[in-house]
>>> print(open('final-v5.txt').read())   # compact mmCIF, C-alpha atoms
# COMPACT_ATOMS: atom_id res chain seq x y z
CA MET A 1484 27.66 -22.55 -27.37
CA PRO A 1485 29.55 -23.45 -24.14
CA HIS A 1486 32.69 -21.63 -23.16
CA TYR A 1487 35.96 -23.28 -22.14
CA ASP A 1488 37.48 -20.64 -19.89
CA ARG A 1489 38.24 -21.95 -16.41
CA HIS A 1490 38.69 -18.44 -15.03
CA PHE A 1491 35.24 -17.48 -16.30
CA ASP A 1492 33.81 -20.65 -14.75
CA LYS A 1493 35.32 -19.63 -11.44
CA GLU A 1494 33.84 -16.12 -11.72
CA LEU A 1495 30.41 -17.57 -12.42
CA GLN A 1496 30.72 -19.88 -9.42
CA THR A 1497 31.72 -16.95 -7.23
CA LEU A 1498 28.67 -15.06 -8.47
CA LYS A 1499 26.40 -18.00 -7.59
CA GLU A 1500 27.95 -18.24 -4.12
CA ASP A 1501 27.47 -14.52 -3.52
CA VAL A 1502 23.81 -14.68 -4.58
CA LEU A 1503 23.34 -17.53 -2.11
CA ARG A 1504 25.12 -15.55 0.59
CA LEU A 1505 22.69 -12.68 0.10
CA GLY A 1506 19.83 -15.18 0.05
CA GLY A 1507 20.96 -16.57 3.39
CA ILE A 1508 21.07 -13.10 4.92
CA VAL A 1509 17.58 -12.31 3.63
CA GLU A 1510 16.20 -15.66 4.82
CA GLU A 1511 17.44 -14.84 8.31
CA GLN A 1512 16.02 -11.30 8.13
CA VAL A 1513 12.57 -12.59 7.15
CA SER A 1514 12.58 -15.34 9.79
CA ASN A 1515 13.69 -12.89 12.48
CA ALA A 1516 11.03 -10.34 11.54
CA ILE A 1517 8.26 -12.94 11.79
CA ALA A 1518 9.70 -14.34 15.03
CA ALA A 1519 9.84 -10.81 16.47
CA LEU A 1520 6.15 -10.42 15.68
CA MET A 1521 5.06 -13.71 17.17
CA ASN A 1522 7.18 -13.33 20.32
CA HIS A 1523 6.73 -9.58 20.89
CA ASN A 1524 10.50 -9.36 20.66
CA VAL A 1525 11.35 -5.67 20.30
CA GLU A 1526 15.09 -6.31 20.50
CA LEU A 1527 14.97 -8.76 17.60
CA ALA A 1528 12.88 -6.31 15.57
CA ASN A 1529 15.47 -3.57 16.17
CA GLN A 1530 18.29 -5.94 15.19
CA THR A 1531 16.51 -6.79 11.95
CA ILE A 1532 16.10 -3.13 11.08
CA ALA A 1533 19.73 -2.36 11.91
CA ARG A 1534 21.01 -5.24 9.77
CA ASP A 1535 19.29 -4.06 6.59
CA HIS A 1536 22.42 -2.14 5.57
CA LEU A 1537 24.17 -5.50 5.05
CA VAL A 1538 21.48 -6.58 2.56
CA ASN A 1539 21.81 -3.31 0.64
CA LYS A 1540 25.62 -3.41 0.63
CA THR A 1541 25.72 -7.00 -0.62
CA GLU A 1542 23.16 -6.30 -3.35
CA VAL A 1543 25.26 -3.41 -4.69
CA GLU A 1544 28.42 -5.54 -4.66
CA ILE A 1545 26.73 -8.32 -6.64
CA ASP A 1546 25.25 -5.85 -9.12
CA GLU A 1547 28.70 -4.42 -9.75
CA MET A 1548 30.12 -7.93 -10.22
CA CYS A 1549 27.41 -8.75 -12.78
CA ILE A 1550 27.99 -5.54 -14.73
CA ASP A 1551 31.73 -6.25 -14.76
CA LEU A 1552 31.14 -9.80 -16.06
CA LEU A 1553 28.83 -8.55 -18.79
CA ALA A 1554 31.33 -5.91 -19.89
CA ARG A 1555 34.48 -8.05 -19.78
CA ARG A 1556 33.21 -11.49 -20.75
CA GLN A 1557 30.27 -10.63 -23.02
CA PRO A 1558 28.61 -13.96 -22.18
CA MET A 1559 26.20 -15.68 -24.55
CA GLY A 1560 23.46 -18.28 -24.29
CA ALA A 1561 23.14 -20.01 -20.92
CA ASP A 1562 25.91 -17.90 -19.38
CA LEU A 1563 24.14 -14.69 -20.36
CA ARG A 1564 20.87 -15.99 -18.92
CA PHE A 1565 22.66 -16.91 -15.69
CA VAL A 1566 24.23 -13.47 -15.18
CA THR A 1567 21.09 -11.53 -16.05
CA THR A 1568 19.03 -13.83 -13.81
CA ALA A 1569 21.44 -13.18 -10.94
CA ILE A 1570 20.90 -9.43 -11.35
CA LYS A 1571 17.14 -9.84 -11.09
CA ILE A 1572 17.34 -12.29 -8.19
CA VAL A 1573 19.41 -9.97 -6.01
CA ASP A 1574 16.98 -7.14 -6.74
CA ASN A 1575 14.11 -9.29 -5.48
CA LEU A 1576 16.13 -10.37 -2.45
CA GLU A 1577 16.85 -6.75 -1.55
CA ARG A 1578 13.14 -5.97 -1.73
CA MET A 1579 12.41 -8.91 0.56
CA GLY A 1580 14.88 -7.41 2.99
CA ASP A 1581 12.89 -4.18 2.86
CA MET A 1582 9.70 -6.13 3.66
CA ALA A 1583 11.42 -7.68 6.70
CA VAL A 1584 12.28 -4.17 7.89
CA ASN A 1585 8.68 -3.06 7.34
CA ILE A 1586 7.39 -5.98 9.40
CA SER A 1587 9.85 -5.14 12.17
CA GLU A 1588 8.75 -1.50 12.21
CA ARG A 1589 5.12 -2.58 12.65
CA VAL A 1590 6.25 -4.91 15.45
CA LEU A 1591 7.70 -1.92 17.30
CA GLU A 1592 4.40 -0.06 16.91
CA LEU A 1593 2.32 -3.03 18.06
CA ALA A 1594 4.55 -3.53 21.10
CA THR A 1595 3.07 -0.41 22.70
CA GLU A 1596 -0.52 -1.68 22.39
CA PRO A 1597 -2.54 -4.60 23.81
CA ARG A 1598 -2.37 -7.71 21.66
CA LEU A 1599 -5.27 -8.17 19.25
CA LYS A 1600 -6.26 -11.74 20.12
CA ALA A 1601 -4.15 -14.30 18.22
CA TYR A 1602 -2.41 -13.30 15.04
CA LEU A 1603 -4.88 -15.35 13.02
CA ASP A 1604 -3.19 -17.10 10.08
CA ILE A 1605 -0.05 -14.96 10.14
CA PRO A 1606 2.10 -17.90 11.42
CA ARG A 1607 0.91 -20.11 8.55
CA MET A 1608 1.68 -17.33 6.08
CA GLY A 1609 5.13 -16.99 7.62
CA GLU A 1610 5.79 -20.71 7.23
CA TYR A 1611 4.75 -20.66 3.58
CA CYS A 1612 6.80 -17.55 2.98
CA THR A 1613 10.06 -18.85 4.48
CA SER A 1614 9.61 -22.23 2.76
CA MET A 1615 9.03 -20.57 -0.61
CA LEU A 1616 12.14 -18.42 -0.25
CA LYS A 1617 14.29 -21.41 0.71
CA ASN A 1618 12.94 -23.53 -2.14
CA ALA A 1619 13.36 -20.73 -4.68
CA LEU A 1620 17.02 -20.39 -3.72
CA ASP A 1621 17.49 -24.18 -3.76
CA ALA A 1622 15.95 -24.24 -7.24
CA PHE A 1623 18.47 -21.60 -8.33
CA VAL A 1624 21.43 -23.55 -6.93
CA THR A 1625 20.38 -26.90 -8.41
CA SER A 1626 18.68 -25.59 -11.59
CA ASN A 1627 15.59 -27.49 -10.44
CA THR A 1628 12.62 -26.27 -12.46
CA THR A 1629 10.23 -28.74 -10.79
CA LEU A 1630 10.97 -27.12 -7.43
CA ALA A 1631 10.58 -23.70 -9.04
CA GLN A 1632 7.12 -24.66 -10.30
CA GLN A 1633 6.23 -25.82 -6.78
CA VAL A 1634 7.11 -22.38 -5.44
CA ARG A 1635 4.88 -20.77 -8.05
CA ALA A 1636 1.97 -23.00 -7.05
CA GLU A 1637 2.38 -22.25 -3.33
CA ASP A 1638 1.90 -18.55 -3.96
CA ASP A 1639 -1.83 -19.18 -4.36
CA GLN A 1640 -1.98 -20.50 -0.78
CA VAL A 1641 -0.41 -17.32 0.54
CA ASP A 1642 -2.83 -15.17 -1.46
CA ALA A 1643 -5.79 -17.11 -0.04
CA LEU A 1644 -4.53 -16.67 3.54
CA THR A 1645 -4.04 -12.94 2.95
CA HIS A 1646 -7.65 -12.53 1.85
CA GLN A 1647 -8.87 -14.56 4.81
CA ILE A 1648 -6.88 -12.45 7.27
CA PHE A 1649 -8.20 -9.24 5.74
CA ARG A 1650 -11.80 -10.43 6.09
CA GLU A 1651 -11.30 -11.40 9.74
CA LEU A 1652 -9.57 -8.16 10.60
CA LEU A 1653 -12.36 -6.15 8.97
CA SER A 1654 -14.81 -7.97 11.24
CA TYR A 1655 -12.74 -6.95 14.28
CA MET A 1656 -12.75 -3.33 13.18
CA MET A 1657 -16.50 -3.25 12.56
CA GLU A 1658 -17.26 -4.83 15.93
CA ASP A 1659 -14.89 -2.62 17.91
CA PRO A 1660 -13.53 0.63 16.39
CA HIS A 1661 -10.84 0.69 19.13
CA THR A 1662 -9.08 -2.15 17.28
CA ILE A 1663 -8.74 -0.25 14.01
CA THR A 1664 -5.14 0.92 14.50
CA ARG A 1665 -3.89 -2.50 15.62
CA ALA A 1666 -5.85 -4.36 12.95
CA THR A 1667 -4.56 -2.05 10.24
CA ARG A 1668 -0.97 -2.69 11.28
CA ILE A 1669 -1.54 -6.45 11.14
CA MET A 1670 -3.08 -6.00 7.70
CA PHE A 1671 0.11 -4.25 6.61
CA ILE A 1672 2.18 -7.13 8.00
CA ALA A 1673 0.08 -9.68 6.10
CA LYS A 1674 0.60 -7.68 2.93
CA TYR A 1675 4.36 -7.50 3.52
CA ILE A 1676 4.51 -11.28 3.93
CA GLU A 1677 2.46 -11.72 0.76
CA ARG A 1678 4.94 -9.50 -1.10
CA ILE A 1679 7.85 -11.65 0.14
CA ALA A 1680 6.06 -14.68 -1.31
CA ASP A 1681 5.57 -12.78 -4.58
CA HIS A 1682 9.29 -12.05 -4.77
CA SER A 1683 10.07 -15.74 -4.12
CA THR A 1684 7.74 -16.57 -7.00
CA ASN A 1685 9.62 -14.07 -9.18
CA ILE A 1686 12.88 -15.85 -8.37
CA ALA A 1687 11.34 -19.22 -9.21
CA GLU A 1688 10.17 -17.88 -12.58
CA MET A 1689 13.66 -16.53 -13.27
CA VAL A 1690 15.13 -19.97 -12.52
CA ILE A 1691 12.86 -21.50 -15.17
CA TYR A 1692 14.02 -18.87 -17.65
CA MET A 1693 17.67 -19.44 -16.70
CA VAL A 1694 17.43 -23.22 -17.18
CA GLU A 1695 14.97 -23.55 -20.06
CA GLY A 1696 15.02 -20.14 -21.73
CA ARG A 1697 11.23 -19.96 -21.19
CA ILE A 1698 9.46 -16.87 -19.88
CA VAL A 1699 6.62 -18.11 -17.65
CA ARG A 1700 5.44 -14.87 -16.06
CA HIS A 1701 1.65 -14.49 -16.10
CA THR A 1702 1.13 -18.19 -16.85
CA GLU A 1703 -0.13 -21.00 -14.64
CA PRO A 1704 2.57 -23.22 -13.04
CA ASP A 1705 3.24 -26.58 -14.68
CA MET A 1706 2.46 -29.13 -12.01
CA PRO A 1707 3.68 -32.74 -12.10
CA PRO A 1708 1.00 -35.35 -12.86
CA ALA A 1709 -0.91 -36.79 -9.90
CA LYS A 1710 0.41 -40.12 -8.60
>>> encode(input="final-v5.txt", output="structure tokens")
Amino acid sequence: MPHYDRHFDKELQTLKEDVLRLGGIVEEQVSNAIAALMNHNVELANQTIARDHLVNKTEVEIDEMCIDLLARRQPMGADLRFVTTAIKIVDNLERMGDMAVNISERVLELATEPRLKAYLDIPRMGEYCTSMLKNALDAFVTSNTTLAQQVRAEDDQVDALTHQIFRELLSYMMEDPHTITRATRIMFIAKYIERIADHSTNIAEMVIYMVEGRIVRHTEPDMPPAK
């Protein structure tokens, strides 16, 4: 049953805007971490690490806002799904911020060593990852479940690239044991990027729950019919 409280509507809108604000910060963190890797940019890696406190601070503020709304307004139906979804989304965003920090820390370690050829399919993974995060947040803003399903489907592409990178890096290590340390760090980076994609997928699944009341975890994405 819909509510008719304009003040509550405004509070919900503020909550949505704050989730998007955190999403924007995390998008920038992830993009900067990947750019630092590709460009050997130690300064950008350090900036990304230093800025993580802003992600954590904003997540706590939004959590407190959600708890306050639940306690004071006792929302029901779609409003309840929206507030509880917001709590889960900001948790996933904070974890993405942690992954950006982890990537940046590996960048600092790799900066002291010779580059291990090209970074294989890492750039493609990064493109998928940033696109999935943007689309997941857009799906949240617009309540677009079709876009959310697209994000879910793209996760398979990231998983496939991760496996391919691991196989190639294992070949490097077997051919030349001197590459083991560098290759292992790149493996970690690939795994961090894969985890960011997983968190984007989580957000997309929460959007579907928020809009349709359907729990789609552990199910295949519903894809639109072929044209």
>>> closest_residue(input="final-v5.txt", among="A:Gln1557, A:Thr1567, A:Thr1664, A:Ser1514", to="Lys1499 (chain A)", atoms="only C-alpha atoms")
A:Thr1567
>>> atom_distance(input="final-v5.txt", atom1="CA of Val1624 (chain A)", atom2="CA of Ile1698 (chain A)")
18.9 Å
>>> closest_residue(input="final-v5.txt", among="A:Leu1553, A:Leu1644, A:Ala1528, A:Leu1503", to="Glu1592 (chain A)", atoms="only C-alpha atoms")
A:Ala1528
>>> residues_around(input="final-v5.txt", residues="Arg1650 (chain A)", least_positions_apart="6", cutoff="12 Å", atoms="all atoms listed in the file", output="PDB file with C-alpha atoms, keeping the file's coordinate frame")
ATOM      1  CA  LEU A1603      -4.880 -15.350  13.020  1.00  0.00           C
ATOM      2  CA  ASP A1604      -3.190 -17.100  10.080  1.00  0.00           C
ATOM      3  CA  ALA A1643      -5.790 -17.110  -0.040  1.00  0.00           C
ATOM      4  CA  LEU A1644      -4.530 -16.670   3.540  1.00  0.00           C
ATOM      5  CA  MET A1656     -12.750  -3.330  13.180  1.00  0.00           C
ATOM      6  CA  MET A1657     -16.500  -3.250  12.560  1.00  0.00           C
ATOM      7  CA  ALA A1666      -5.850  -4.360  12.950  1.00  0.00           C
ATOM      8  CA  THR A1667      -4.560  -2.050  10.240  1.00  0.00           C
ATOM      9  CA  MET A1670      -3.080  -6.000   7.700  1.00  0.00           C
ATOM     10  CA  ALA A1673       0.080  -9.680   6.100  1.00  0.00           C
TER      11      ALA A1673
END
>>> closest_residue(input="final-v5.txt", among="A:Phe1649, A:Phe1565, A:Tyr1611, A:Phe1671", to="Ser1683 (chain A)", atoms="only C-alpha atoms")
A:Tyr1611
>>> build_atoms(input="final-v5.txt", residues="region 1512-1543 of chain A", atoms="N, CA and C atoms", output="compact mmCIF listing (two decimals), in the coordinates of the input")
# COMPACT_ATOMS: atom_id res chain seq x y z
N GLN A 1512 16.75 -12.55 7.86
CA GLN A 1512 16.02 -11.30 8.13
C GLN A 1512 14.51 -11.56 8.19
N VAL A 1513 14.01 -12.30 7.20
CA VAL A 1513 12.57 -12.59 7.15
C VAL A 1513 12.15 -13.43 8.35
N SER A 1514 12.91 -14.47 8.64
CA SER A 1514 12.58 -15.34 9.79
C SER A 1514 12.60 -14.55 11.09
N ASN A 1515 13.59 -13.68 11.25
CA ASN A 1515 13.69 -12.89 12.48
C ASN A 1515 12.54 -11.90 12.61
N ALA A 1516 12.14 -11.30 11.50
CA ALA A 1516 11.03 -10.34 11.54
C ALA A 1516 9.74 -11.03 11.98
N ILE A 1517 9.47 -12.21 11.43
CA ILE A 1517 8.26 -12.94 11.79
C ILE A 1517 8.34 -13.44 13.23
N ALA A 1518 9.52 -13.89 13.65
CA ALA A 1518 9.70 -14.34 15.03
C ALA A 1518 9.52 -13.17 16.00
N ALA A 1519 10.02 -12.00 15.62
CA ALA A 1519 9.84 -10.81 16.47
C ALA A 1519 8.37 -10.50 16.65
N LEU A 1520 7.59 -10.66 15.59
CA LEU A 1520 6.15 -10.42 15.68
C LEU A 1520 5.48 -11.41 16.61
N MET A 1521 5.76 -12.68 16.41
CA MET A 1521 5.06 -13.71 17.17
C MET A 1521 5.45 -13.71 18.64
N ASN A 1522 6.67 -13.29 18.95
CA ASN A 1522 7.18 -13.33 20.32
C ASN A 1522 7.22 -11.97 21.00
N HIS A 1523 6.67 -10.94 20.34
CA HIS A 1523 6.73 -9.58 20.89
C HIS A 1523 8.16 -9.19 21.24
N ASN A 1524 9.08 -9.54 20.37
CA ASN A 1524 10.50 -9.36 20.66
C ASN A 1524 10.98 -8.05 20.01
N VAL A 1525 10.96 -6.99 20.80
CA VAL A 1525 11.35 -5.67 20.30
C VAL A 1525 12.84 -5.64 19.96
N GLU A 1526 13.65 -6.30 20.75
CA GLU A 1526 15.09 -6.31 20.50
C GLU A 1526 15.40 -6.96 19.16
N LEU A 1527 14.74 -8.08 18.87
CA LEU A 1527 14.97 -8.76 17.60
C LEU A 1527 14.48 -7.90 16.43
N ALA A 1528 13.38 -7.21 16.62
CA ALA A 1528 12.88 -6.31 15.57
C ALA A 1528 13.90 -5.20 15.29
N ASN A 1529 14.46 -4.63 16.35
CA ASN A 1529 15.47 -3.57 16.17
C ASN A 1529 16.72 -4.11 15.48
N GLN A 1530 17.12 -5.33 15.83
CA GLN A 1530 18.29 -5.94 15.19
C GLN A 1530 18.06 -6.15 13.70
N THR A 1531 16.85 -6.56 13.36
CA THR A 1531 16.51 -6.79 11.95
C THR A 1531 16.58 -5.50 11.16
N ILE A 1532 16.06 -4.43 11.75
CA ILE A 1532 16.10 -3.13 11.08
C ILE A 1532 17.55 -2.66 10.91
N ALA A 1533 18.34 -2.83 11.95
CA ALA A 1533 19.73 -2.36 11.91
C ALA A 1533 20.58 -3.13 10.91
N ARG A 1534 20.21 -4.37 10.65
CA ARG A 1534 21.01 -5.24 9.77
C ARG A 1534 20.68 -5.06 8.29
N ASP A 1535 19.70 -4.22 7.99
CA ASP A 1535 19.29 -4.06 6.59
C ASP A 1535 20.41 -3.49 5.73
N HIS A 1536 21.32 -2.73 6.34
CA HIS A 1536 22.42 -2.14 5.57
C HIS A 1536 23.27 -3.23 4.93
N LEU A 1537 23.36 -4.40 5.59
CA LEU A 1537 24.17 -5.50 5.05
C LEU A 1537 23.52 -6.05 3.78
N VAL A 1538 22.19 -6.13 3.77
CA VAL A 1538 21.48 -6.58 2.56
C VAL A 1538 21.75 -5.61 1.41
N ASN A 1539 21.62 -4.32 1.69
CA ASN A 1539 21.81 -3.31 0.64
C ASN A 1539 23.25 -3.32 0.11
N LYS A 1540 24.20 -3.42 1.02
CA LYS A 1540 25.62 -3.41 0.63
C LYS A 1540 25.94 -4.62 -0.25
N THR A 1541 25.44 -5.78 0.14
CA THR A 1541 25.72 -7.00 -0.62
C THR A 1541 25.06 -6.96 -1.98
N GLU A 1542 23.85 -6.41 -2.05
CA GLU A 1542 23.16 -6.30 -3.35
C GLU A 1542 23.97 -5.44 -4.31
N VAL A 1543 24.48 -4.31 -3.83
CA VAL A 1543 25.26 -3.41 -4.69
C VAL A 1543 26.54 -4.11 -5.17
